[in-house]
Amino acid sequence: MAEQDSATLAVINYYCQKKYFNHIQIAADEGLKKYGNDAVFLFFHAYGVLMEDRIQEAIRELETVKEKPDVSLCSIMALIYAHKKSLAPDRDAIHELDSKLKEDRKTAGQAALYFAGLFLWHIGRHDKAREYVDRMIKLSNGAKKGLILKGWIELTSGRDAYAKKAIKYFDEGIQDGNHVFAMMGKAQYLEMRQNYSGALEMVNQIIVHFPGFLPAFVKKVELQLALQDWDQTIETVHRLLQKDSHNFEGLGMLALHSLCREGNIKECGRNQIVLQQTYTLVERAFSISSRNAEIANELGYQMVLQGKVKEAVRWYKTAMSLDESSVPALTGIIRCQLTEGQLEDAEQQLEFLNEIQQSIGKSAELSFLRAVLAVKKHKGQDEVIHFLNDAIDIHFSTLQGLPLGVQYYEKLNPDFLLEIMREYLVFCPTQPGAPSQPLSPLLKHCASVLETVVKTVPGLLEAAFLMAKVKYLAGDVDAAQCNLQHCLEQNPSYADAHLLMAQVYLSQENFKLCSHSLELCLSYNFEIREHPLYHLIRAQTQKKMGDIQEAIKTLKIAAGLPAMRKTGSTSKSKGKKIEFSATDRVSVFLELAEAHRMNGEQHEAAKVMQDAINEFSGTSEELRVTIANADLAVVRGDIELALGMLRNVTPEQPYFIQAKEKMAAIYLNQRKDKQLYASCYRDLVDKLPGPHTYLLLGDAYMNIQEPEKAIDIYEQALKKNPRDGTLASKIGTALVKTHNYNKAINYYEAALKTGQQNFLRYDLAELLLKLRQYEKAEKILLQSLEHDYVSDLQALMEDARYLMLLAKIYSKKEKIDDAILALQRVMLELAQLYLAQDDIDACQHQCVVLLKSDQDNDEATMMMADLMFRKQDYDQAVFHFQQLLERKPDNFMTLARLIDLLRRAGKLEEVPRFLDMAEKHTSRPTSEPGFNYCKGLHLWYTGEPNDALRHFNKARKDSDWGQNAIYNMIEICMNPDNDTIGGEVFENLDGDMRNSTEKQESEQLAVMTAEKLLKELKPQTIQGHVQLRIMESCCLMATKHKANVERALNVFTEIATAEKDHIPALFGMATAYMILKQTPRARNQLKRIAKLNWNATDAEEFEKSWLLLADVYIQSGKFDMAVELLKRCLRHNKSCCKAYEYMGYIMEKEQSYKDAATNYEMAWKYCNQTNPTIGYKLAFNYLKAKRYVDAIDICHKVLAAHPNYPKMRKDILDKARAALRS
């Protein structure tokens, strides 16, 4: 009977392989309910009991089935196994069972041999299992189930040569039917061969033919994760949990997703609550299996993670008593010894492990512990780094070939990697280097490792923080800010992130934001006052802002904190350890000495410096103190003393370059000795040859007017770094100084051909102008100015320089008109520069001056219109656009802008006049893409989406208008009624209509159309690709399916993380959260947008986000806050129909029906009297305000267009008529 139920047997075999022994018993019980006292299910129940170490119970159960022919052999084997496993084995019983096994084996049938092989396979005796199965196959002339089992034995034997043969047996098993055990075997084989797609296809077939076979769903989850498709993985998990809500593999995968994709900080990292929970579970496991050394080791590790070292040692010793050869236990004890400072004991144990490493295999943890010991014993940096590199290499070698999955995450062990990173960072630079300085290889190595951790486990905030730190030290400030923003969004009270953010702002000299970060840090964590770094950054900010007295006070507070004491760079504040590096401790002393010096307190400065010398003598930071002391000596006029200090710094010491630069400066500025000045840099090149030191020497020669020597050095540096445009520019400048003009020209031209930086073009054109080669200079500048419109600051500044130089050339050539045109373009570029810096008044001034000299300058007129738009002076903006259109009515680019502007000014009724003018000046308006686009825009804004789609469709294939037309068409398809997506106020009111089948089908069709249109978009820029991703995600959200919304949310989050304050992405996140009913998260994003300054580019997203936040506030009864946001909407768009609708709703709720009617009137006006819902609300409030005639009038208008509009006639029209009659 059991043999005919292949699916149940396959489930049991799956649980046996997974070692889910309780699940085996449950599945066997299900089989027994179905088939009565079936011997096979009785045997498997006993097997499950046996493997749980309930030996006597298992023996009793096995005794009842050992005489059953089908399971006789496997039952006897299991009994022998049970007796041997017991604490006091019964030798006589074992001997008797052995004899019986030999006897029964001679006469065993197919089934007995099969189940004997199956049992042997499950307990890991592959060779013996193969022997029994081969006999069974021979006896049965190739029975399929025997072939399938042989396939499984070969596949799991651990030998590649055998595993390759497995597929043959599985294929034979599947040949004439769908055998679930064979199909699972084939899927497993394909997975082992890393053919995840093929394996997934096989699993899908199993699910089709055996929809109740849960292991197939689990395998599908694993395969989808191996393909790194998290969205499909979670969708399958939900399907699995629908079938079995307690399926722990499914629940585990949800937890993994929460941890690794959603970045749930409550569950990530060394969270003490989670650790207590996991410890309880492992402790329970040990109580069940108290002889298991592996579990004891895990308990020790759990204690290490909780910082309970003594308890950890106790558990590791327990593990050692259970298994004397346990390497993890010994490694754990060493780790604890290092933590407790027992260095000699730890060293002896490490030496022992190192000796036996060949037999036990290389261990990443062993290399790491050797590195920690080397640090604690003050060994050299090279030795420590060597061990850390070994640890990283060995650790990542264990991940090779592993697909993404639970085992991968377990082996990745991000916590261990972060420990290694913290040790690396001790030896990394503590401040960002100079732009020309090469990046530290250690920082590169750290960035590489941390990228893997951050990408794989984005929820681990410490990894993101360390990545930010590495990026900051590497000089990549934008990436550092991005990572810190992610940290602070997830955990606003993350003090270290606030401090690092303050350092980033300080390096940018943005003192206001630096102070703001420090204030935020203090507001979230008052204990930060105990951290010297907080006071150090604060003092540095005060000093930079010229407040020296306050800086001195702040630094004195820092110097007096416990963490500044020499006995260690850590202290405890209410149980929390404060870490403060020796480098930062030195900085406190040096900053205080410098502040005293700047304040004219030389004696105080000298005292602080002497304290620093005493404090850091013999440490790695001693040299920094020496260099700073040399500076003080120079200020006092003791030049010889300063030089003497600096001469003692040797090349192998970390601050050698800085010491040599100080010496050189003293020789040049105090001694006025150019030769000794240059000799310092020559010595640097001799001792530390590299691009950076060569560049320093070349610059030194230029400083002392020796350009020939500089050229030679720069060229040597260029050989080492051939694509360095800065070096190329320096060589050109040096050649010009030597009057070697022809060589300079040839050099610039050659450098430009290799694709080096464009700024070389300016240098070359300037040189050609000096040499009166005007034609060549003009050609180069015109080539530089041949590009699309740019708006970034750097590009605008470059263009302005090119145009100024071009004007000079035209002036020299006496082309006065061309020179004036070039200067006018300079003025335009200057105006754009002011605009890029948000200096609206200066930009306007430039435009006014330009328009005085050239009234018909279209670009200046357009910019004035833009300025007025930004100032929200819509009337003036319309005036400037009208001027442009009167000169050229068919300027459709201007017309499109004017239509948008008239909408914002609340004057859409004026648009038809301009459309008529354009139509008269266009030869074939019906086929003109620009005209159709503008017409579509007007129709869309006036509430006629279907007609708008028709006109946009006519512009869809055009190269100029097509992409924008498609974007607008997609927007209309996704939201034809201009609803607040994610909003709940009107959704609750219009629930019945919105949930109608017809409405849902219409929405699905519209989304399908939008998806087709998306495929036609071909963005050419990076921003265009981002916009496309945003639009694709909006389409996913429009389906309203949870899995799709979550996919969209992931994309929005990724974009918002990569680009700070990306309004469309933030709004997308908020909308997704609203659809997912996660209102608090949505509100956080919307409030963040509400705090940002409005800009024209993101005007639509700002408006939508304000409306959605107002919706949230209305839902929670915060009408005042909602009204403020709605007024803000109307300030920026006086035609915002939805804002008036919300205002009307609020007034209606407050029973102010007259005010409600006034707002609904405006909403009715700006939806062009086409929206029946607004018409209904307006009529209803007219009725309540006793304006019965107006109510009747509106009812007629709505019913004329929508005769079956619900409740209109009964609720309003009839009542209004009755009220008039009475």
# chains A, B, ... in the order shown; residues from 1 in each chain; ligands from 1
call {"tool": "residues_around", "arguments": {"residues": "A:Glu344", "least_positions_apart": "3", "cutoff": "12 Å", "atoms": "only C-alpha atoms", "output": "ChimeraX atom specification"}}
result
/A:334,337-338,340-341,347-351,373-374,376-377
call {"tool": "residues_around", "arguments": {"residues": "A:Glu1141", "least_positions_apart": "4", "cutoff": "12 Å", "atoms": "only C-alpha atoms", "output": "PyMOL selection string"}}
result
chain A and resi 978-980+985-986+1107+1110-1111+1123+1126+1130+1135-1137+1145-1148+1155-1167+1171+1173-1178
call {"tool": "residues_around", "arguments": {"residues": "stretch 937-947 of chain A", "least_positions_apart": "5", "cutoff": "9 Å", "atoms": "only C-alpha atoms", "output": "PyMOL selection string"}}
result
chain A and resi 896+899-900+903+908+911-912+932+952+968+972-973+976-978+1135+1166-1171
call {"tool": "write_last_selection", "arguments": {"atoms": "N, CA and C atoms", "output": "PDB file, in the first residue's frame"}}
result
ATOM      1  N   ALA A 896       4.124  74.397 -25.367  1.00  0.00           N
ATOM      2  CA  ALA A 896       3.933  73.354 -24.349  1.00  0.00           C
ATOM      3  C   ALA A 896       4.235  73.908 -22.958  1.00  0.00           C
ATOM      4  N   ILE A 899       1.370  76.218 -21.876  1.00  0.00           N
ATOM      5  CA  ILE A 899       0.162  75.493 -21.440  1.00  0.00           C
ATOM      6  C   ILE A 899       0.309  75.058 -19.981  1.00  0.00           C
ATOM      7  N   ASP A 900       1.494  74.525 -19.650  1.00  0.00           N
ATOM      8  CA  ASP A 900       1.747  74.113 -18.269  1.00  0.00           C
ATOM      9  C   ASP A 900       1.673  75.309 -17.324  1.00  0.00           C
ATOM     10  N   ARG A 903      -1.838  76.509 -16.768  1.00  0.00           N
ATOM     11  CA  ARG A 903      -2.491  75.599 -15.817  1.00  0.00           C
ATOM     12  C   ARG A 903      -2.143  76.018 -14.390  1.00  0.00           C
ATOM     13  N   LEU A 908      -6.366  78.155 -17.664  1.00  0.00           N
ATOM     14  CA  LEU A 908      -6.422  77.212 -18.779  1.00  0.00           C
ATOM     15  C   LEU A 908      -7.372  77.661 -19.889  1.00  0.00           C
ATOM     16  N   VAL A 911      -5.751  79.002 -23.098  1.00  0.00           N
ATOM     17  CA  VAL A 911      -4.935  78.147 -23.973  1.00  0.00           C
ATOM     18  C   VAL A 911      -5.485  78.068 -25.396  1.00  0.00           C
ATOM     19  N   PRO A 912      -6.820  77.886 -25.605  1.00  0.00           N
ATOM     20  CA  PRO A 912      -7.316  77.727 -26.985  1.00  0.00           C
ATOM     21  C   PRO A 912      -6.864  78.845 -27.927  1.00  0.00           C
ATOM     22  N   ASN A 932       0.036  68.383 -32.047  1.00  0.00           N
ATOM     23  CA  ASN A 932      -0.764  67.327 -31.416  1.00  0.00           C
ATOM     24  C   ASN A 932      -0.365  67.123 -29.954  1.00  0.00           C
ATOM     25  N   PHE A 952      -1.824  62.568 -28.176  1.00  0.00           N
ATOM     26  CA  PHE A 952      -0.463  62.138 -27.825  1.00  0.00           C
ATOM     27  C   PHE A 952      -0.015  61.003 -28.753  1.00  0.00           C
ATOM     28  N   ASN A 968       3.514  60.628 -21.073  1.00  0.00           N
ATOM     29  CA  ASN A 968       2.191  61.168 -20.713  1.00  0.00           C
ATOM     30  C   ASN A 968       1.087  60.128 -20.921  1.00  0.00           C
ATOM     31  N   ILE A 972      -1.492  58.609 -18.136  1.00  0.00           N
ATOM     32  CA  ILE A 972      -2.956  58.614 -18.301  1.00  0.00           C
ATOM     33  C   ILE A 972      -3.505  57.200 -18.121  1.00  0.00           C
ATOM     34  N   CYS A 973      -2.822  56.202 -18.742  1.00  0.00           N
ATOM     35  CA  CYS A 973      -3.290  54.807 -18.624  1.00  0.00           C
ATOM     36  C   CYS A 973      -3.323  54.360 -17.171  1.00  0.00           C
ATOM     37  N   PRO A 976      -6.157  57.547 -15.170  1.00  0.00           N
ATOM     38  CA  PRO A 976      -6.934  58.422 -16.063  1.00  0.00           C
ATOM     39  C   PRO A 976      -7.778  59.469 -15.322  1.00  0.00           C
ATOM     40  N   ASP A 977      -8.218  59.126 -14.105  1.00  0.00           N
ATOM     41  CA  ASP A 977      -9.098  60.029 -13.358  1.00  0.00           C
ATOM     42  C   ASP A 977      -8.344  60.963 -12.425  1.00  0.00           C
ATOM     43  N   ASN A 978      -7.004  60.932 -12.525  1.00  0.00           N
ATOM     44  CA  ASN A 978      -6.163  61.815 -11.689  1.00  0.00           C
ATOM     45  C   ASN A 978      -6.454  61.621 -10.202  1.00  0.00           C
ATOM     46  N   SER A1135      -4.737  75.412 -10.648  1.00  0.00           N
ATOM     47  CA  SER A1135      -5.749  74.560 -11.290  1.00  0.00           C
ATOM     48  C   SER A1135      -5.823  73.186 -10.663  1.00  0.00           C
ATOM     49  N   TYR A1166     -12.122  73.358 -12.593  1.00  0.00           N
ATOM     50  CA  TYR A1166     -10.814  72.935 -13.117  1.00  0.00           C
ATOM     51  C   TYR A1166     -10.801  71.493 -13.621  1.00  0.00           C
ATOM     52  N   CYS A1167     -11.898  70.732 -13.361  1.00  0.00           N
ATOM     53  CA  CYS A1167     -11.981  69.423 -14.037  1.00  0.00           C
ATOM     54  C   CYS A1167     -12.812  69.562 -15.309  1.00  0.00           C
ATOM     55  N   ASN A1168     -13.076  70.835 -15.681  1.00  0.00           N
ATOM     56  CA  ASN A1168     -13.807  71.154 -16.920  1.00  0.00           C
ATOM     57  C   ASN A1168     -15.211  70.554 -16.894  1.00  0.00           C
ATOM     58  N   GLN A1169     -15.776  70.447 -15.687  1.00  0.00           N
ATOM     59  CA  GLN A1169     -17.132  69.934 -15.471  1.00  0.00           C
ATOM     60  C   GLN A1169     -17.317  68.531 -16.067  1.00  0.00           C
ATOM     61  N   THR A1170     -16.244  67.727 -15.992  1.00  0.00           N
ATOM     62  CA  THR A1170     -16.313  66.380 -16.586  1.00  0.00           C
ATOM     63  C   THR A1170     -16.321  65.274 -15.533  1.00  0.00           C
ATOM     64  N   ASN A1171     -15.980  65.596 -14.286  1.00  0.00           N
ATOM     65  CA  ASN A1171     -15.864  64.551 -13.254  1.00  0.00           C
ATOM     66  C   ASN A1171     -17.184  64.433 -12.487  1.00  0.00           C
TER      67      ASN A1171
END
call {"tool": "residues_around", "arguments": {"residues": "A:Tyr967", "least_positions_apart": "2", "cutoff": "10 Å", "atoms": "only C-alpha atoms", "output": "list in words"}}
result
Phe952, Arg956, Gly962, Gln963, Asn964, Ala965, Met969, Ile970, Glu971, Ile972, Cys973, Ala1010, Leu1013, Leu1014, Glu1016, Leu1017, Gln1027, Leu1028 and Met1031 of chain A
call {"tool": "write_last_selection", "arguments": {"atoms": "all heavy atoms", "output": "compact mmCIF listing (two decimals), in the first residue's frame"}}
result
# COMPACT_ATOMS: atom_id res chain seq x y z
N PHE A 952 -1.82 62.57 -28.18
CA PHE A 952 -0.46 62.14 -27.83
C PHE A 952 -0.01 61.00 -28.75
O PHE A 952 1.16 60.91 -29.13
CB PHE A 952 -0.39 61.67 -26.36
CG PHE A 952 -0.36 62.79 -25.36
CD1 PHE A 952 -1.13 62.73 -24.20
CD2 PHE A 952 0.45 63.91 -25.56
CE1 PHE A 952 -1.09 63.75 -23.27
CE2 PHE A 952 0.47 64.94 -24.62
CZ PHE A 952 -0.30 64.86 -23.48
N ARG A 956 3.47 60.24 -30.95
CA ARG A 956 4.22 59.15 -30.31
C ARG A 956 5.45 58.69 -31.08
O ARG A 956 6.45 58.30 -30.49
CB ARG A 956 3.24 57.98 -30.12
CG ARG A 956 3.78 56.81 -29.41
CD ARG A 956 2.65 55.83 -29.14
NE ARG A 956 2.97 54.51 -29.62
CZ ARG A 956 2.13 53.70 -30.23
NH1 ARG A 956 0.90 54.08 -30.46
NH2 ARG A 956 2.50 52.51 -30.62
N GLY A 962 8.14 62.30 -29.26
CA GLY A 962 7.66 60.93 -28.99
C GLY A 962 7.84 60.47 -27.56
O GLY A 962 6.89 59.95 -26.94
N GLN A 963 9.05 60.65 -27.01
CA GLN A 963 9.32 60.11 -25.67
C GLN A 963 8.42 60.75 -24.61
O GLN A 963 7.83 60.07 -23.78
CB GLN A 963 10.79 60.31 -25.31
CG GLN A 963 11.76 59.54 -26.20
CD GLN A 963 11.70 58.03 -26.00
OE1 GLN A 963 12.10 57.52 -24.97
NE2 GLN A 963 11.18 57.32 -26.99
N ASN A 964 8.29 62.11 -24.68
CA ASN A 964 7.42 62.79 -23.70
C ASN A 964 5.96 62.39 -23.88
O ASN A 964 5.21 62.24 -22.92
CB ASN A 964 7.56 64.31 -23.83
CG ASN A 964 8.84 64.80 -23.17
OD1 ASN A 964 9.41 64.12 -22.34
ND2 ASN A 964 9.30 65.97 -23.57
N ALA A 965 5.56 62.22 -25.16
CA ALA A 965 4.18 61.81 -25.43
C ALA A 965 3.89 60.45 -24.83
O ALA A 965 2.84 60.23 -24.21
CB ALA A 965 3.94 61.79 -26.95
N MET A 969 1.22 59.36 -22.02
CA MET A 969 0.22 58.31 -22.29
C MET A 969 0.23 57.25 -21.18
O MET A 969 -0.82 56.78 -20.74
CB MET A 969 0.51 57.65 -23.65
CG MET A 969 0.22 58.55 -24.83
SD MET A 969 0.75 57.83 -26.40
CE MET A 969 -0.60 56.69 -26.72
N ILE A 970 1.43 56.89 -20.74
CA ILE A 970 1.55 55.91 -19.66
C ILE A 970 0.89 56.45 -18.38
O ILE A 970 0.15 55.74 -17.69
CB ILE A 970 3.03 55.54 -19.41
CG1 ILE A 970 3.60 54.79 -20.63
CG2 ILE A 970 3.18 54.69 -18.16
CD1 ILE A 970 5.12 54.65 -20.62
N GLU A 971 1.17 57.74 -18.08
CA GLU A 971 0.58 58.37 -16.89
C GLU A 971 -0.94 58.32 -16.95
O GLU A 971 -1.62 58.01 -15.97
CB GLU A 971 1.03 59.84 -16.81
CG GLU A 971 2.49 60.02 -16.44
CD GLU A 971 2.72 60.17 -14.95
OE1 GLU A 971 1.77 59.92 -14.18
OE2 GLU A 971 3.83 60.53 -14.57
N ILE A 972 -1.49 58.61 -18.14
CA ILE A 972 -2.96 58.61 -18.30
C ILE A 972 -3.51 57.20 -18.12
O ILE A 972 -4.51 56.99 -17.44
CB ILE A 972 -3.36 59.19 -19.67
CG1 ILE A 972 -3.03 60.70 -19.72
CG2 ILE A 972 -4.85 58.96 -19.95
CD1 ILE A 972 -3.16 61.32 -21.10
N CYS A 973 -2.82 56.20 -18.74
CA CYS A 973 -3.29 54.81 -18.62
C CYS A 973 -3.32 54.36 -17.17
O CYS A 973 -4.25 53.67 -16.75
CB CYS A 973 -2.37 53.87 -19.42
SG CYS A 973 -2.57 54.01 -21.21
N ALA A 1010 -0.15 50.37 -20.78
CA ALA A 1010 1.01 51.12 -20.26
C ALA A 1010 2.28 50.29 -20.37
O ALA A 1010 3.35 50.79 -20.75
CB ALA A 1010 0.76 51.52 -18.81
N LEU A 1013 3.50 50.32 -23.88
CA LEU A 1013 4.10 51.63 -24.21
C LEU A 1013 5.50 51.77 -23.61
O LEU A 1013 6.38 52.38 -24.21
CB LEU A 1013 3.19 52.75 -23.72
CG LEU A 1013 1.89 52.97 -24.49
CD1 LEU A 1013 0.96 53.88 -23.71
CD2 LEU A 1013 2.18 53.58 -25.86
N LEU A 1014 5.69 51.19 -22.43
CA LEU A 1014 7.00 51.26 -21.77
C LEU A 1014 8.11 50.71 -22.66
O LEU A 1014 9.24 51.20 -22.64
CB LEU A 1014 6.97 50.48 -20.46
CG LEU A 1014 6.50 51.23 -19.21
CD1 LEU A 1014 6.33 50.26 -18.06
CD2 LEU A 1014 7.46 52.32 -18.82
N GLU A 1016 8.45 50.99 -25.69
CA GLU A 1016 8.81 51.92 -26.77
C GLU A 1016 9.77 53.01 -26.30
O GLU A 1016 10.30 53.77 -27.09
CB GLU A 1016 7.56 52.58 -27.34
CG GLU A 1016 6.63 51.58 -28.03
CD GLU A 1016 5.41 52.27 -28.64
OE1 GLU A 1016 5.48 53.49 -28.92
OE2 GLU A 1016 4.38 51.59 -28.80
N LEU A 1017 9.97 53.12 -24.98
CA LEU A 1017 10.84 54.17 -24.45
C LEU A 1017 12.30 53.78 -24.62
O LEU A 1017 12.71 52.68 -24.28
CB LEU A 1017 10.54 54.41 -22.97
CG LEU A 1017 9.18 55.06 -22.68
CD1 LEU A 1017 8.87 55.00 -21.20
CD2 LEU A 1017 9.17 56.52 -23.14
N GLN A 1027 14.52 57.44 -14.89
CA GLN A 1027 13.10 57.78 -15.07
C GLN A 1027 12.32 56.57 -15.59
O GLN A 1027 11.18 56.33 -15.16
CB GLN A 1027 12.98 58.96 -16.06
CG GLN A 1027 11.55 59.52 -16.14
CD GLN A 1027 11.42 60.63 -17.16
OE1 GLN A 1027 12.39 60.97 -17.87
NE2 GLN A 1027 10.24 61.20 -17.28
N LEU A 1028 12.94 55.82 -16.50
CA LEU A 1028 12.28 54.63 -17.04
C LEU A 1028 12.06 53.59 -15.95
O LEU A 1028 10.98 53.00 -15.85
CB LEU A 1028 13.13 54.03 -18.17
CG LEU A 1028 12.61 52.71 -18.79
CD1 LEU A 1028 11.21 52.89 -19.33
CD2 LEU A 1028 13.55 52.24 -19.90
N MET A 1031 9.16 54.66 -13.91
CA MET A 1031 7.89 54.45 -14.61
C MET A 1031 7.52 52.97 -14.63
O MET A 1031 6.34 52.60 -14.45
CB MET A 1031 7.99 54.99 -16.03
CG MET A 1031 6.67 55.23 -16.69
SD MET A 1031 5.59 56.37 -15.79
CE MET A 1031 6.16 57.93 -16.36
call {"tool": "closest_atom_pairs", "arguments": {"of": "stretch 903-988 of chain A", "to": "stretch 1035-1044 of chain A", "cutoff": "9 Å", "atoms": "only C-alpha atoms", "output": "CSV"}}
result
residue,atom,partner,partner_atom,distance
A:Ile970,CA,A:Cys1035,CA,8.4
A:Met974,CA,A:Ala1038,CA,6.2
A:Asn975,CA,A:Ala1038,CA,8.5
A:Ile981,CA,A:Ala1038,CA,8.6
call {"tool": "write_last_selection", "arguments": {"atoms": "N, CA, C and O atoms", "output": "tab-separated table (two decimals), in the first residue's frame"}}
result
chain	number	residue	atom	x	y	z
A	970	ILE	N	1.43	56.89	-20.74
A	970	ILE	CA	1.55	55.91	-19.66
A	970	ILE	C	0.89	56.45	-18.38
A	970	ILE	O	0.15	55.74	-17.69
A	974	MET	N	-2.30	54.75	-16.41
A	974	MET	CA	-2.20	54.30	-15.01
A	974	MET	C	-3.16	55.05	-14.10
A	974	MET	O	-3.59	54.52	-13.08
A	975	ASN	N	-3.51	56.30	-14.48
A	975	ASN	CA	-4.35	57.11	-13.58
A	975	ASN	C	-5.20	58.08	-14.39
A	975	ASN	O	-4.99	59.29	-14.35
A	981	ILE	N	-3.16	58.19	-5.88
A	981	ILE	CA	-2.81	56.77	-5.76
A	981	ILE	C	-2.29	56.50	-4.35
A	981	ILE	O	-1.38	57.17	-3.87
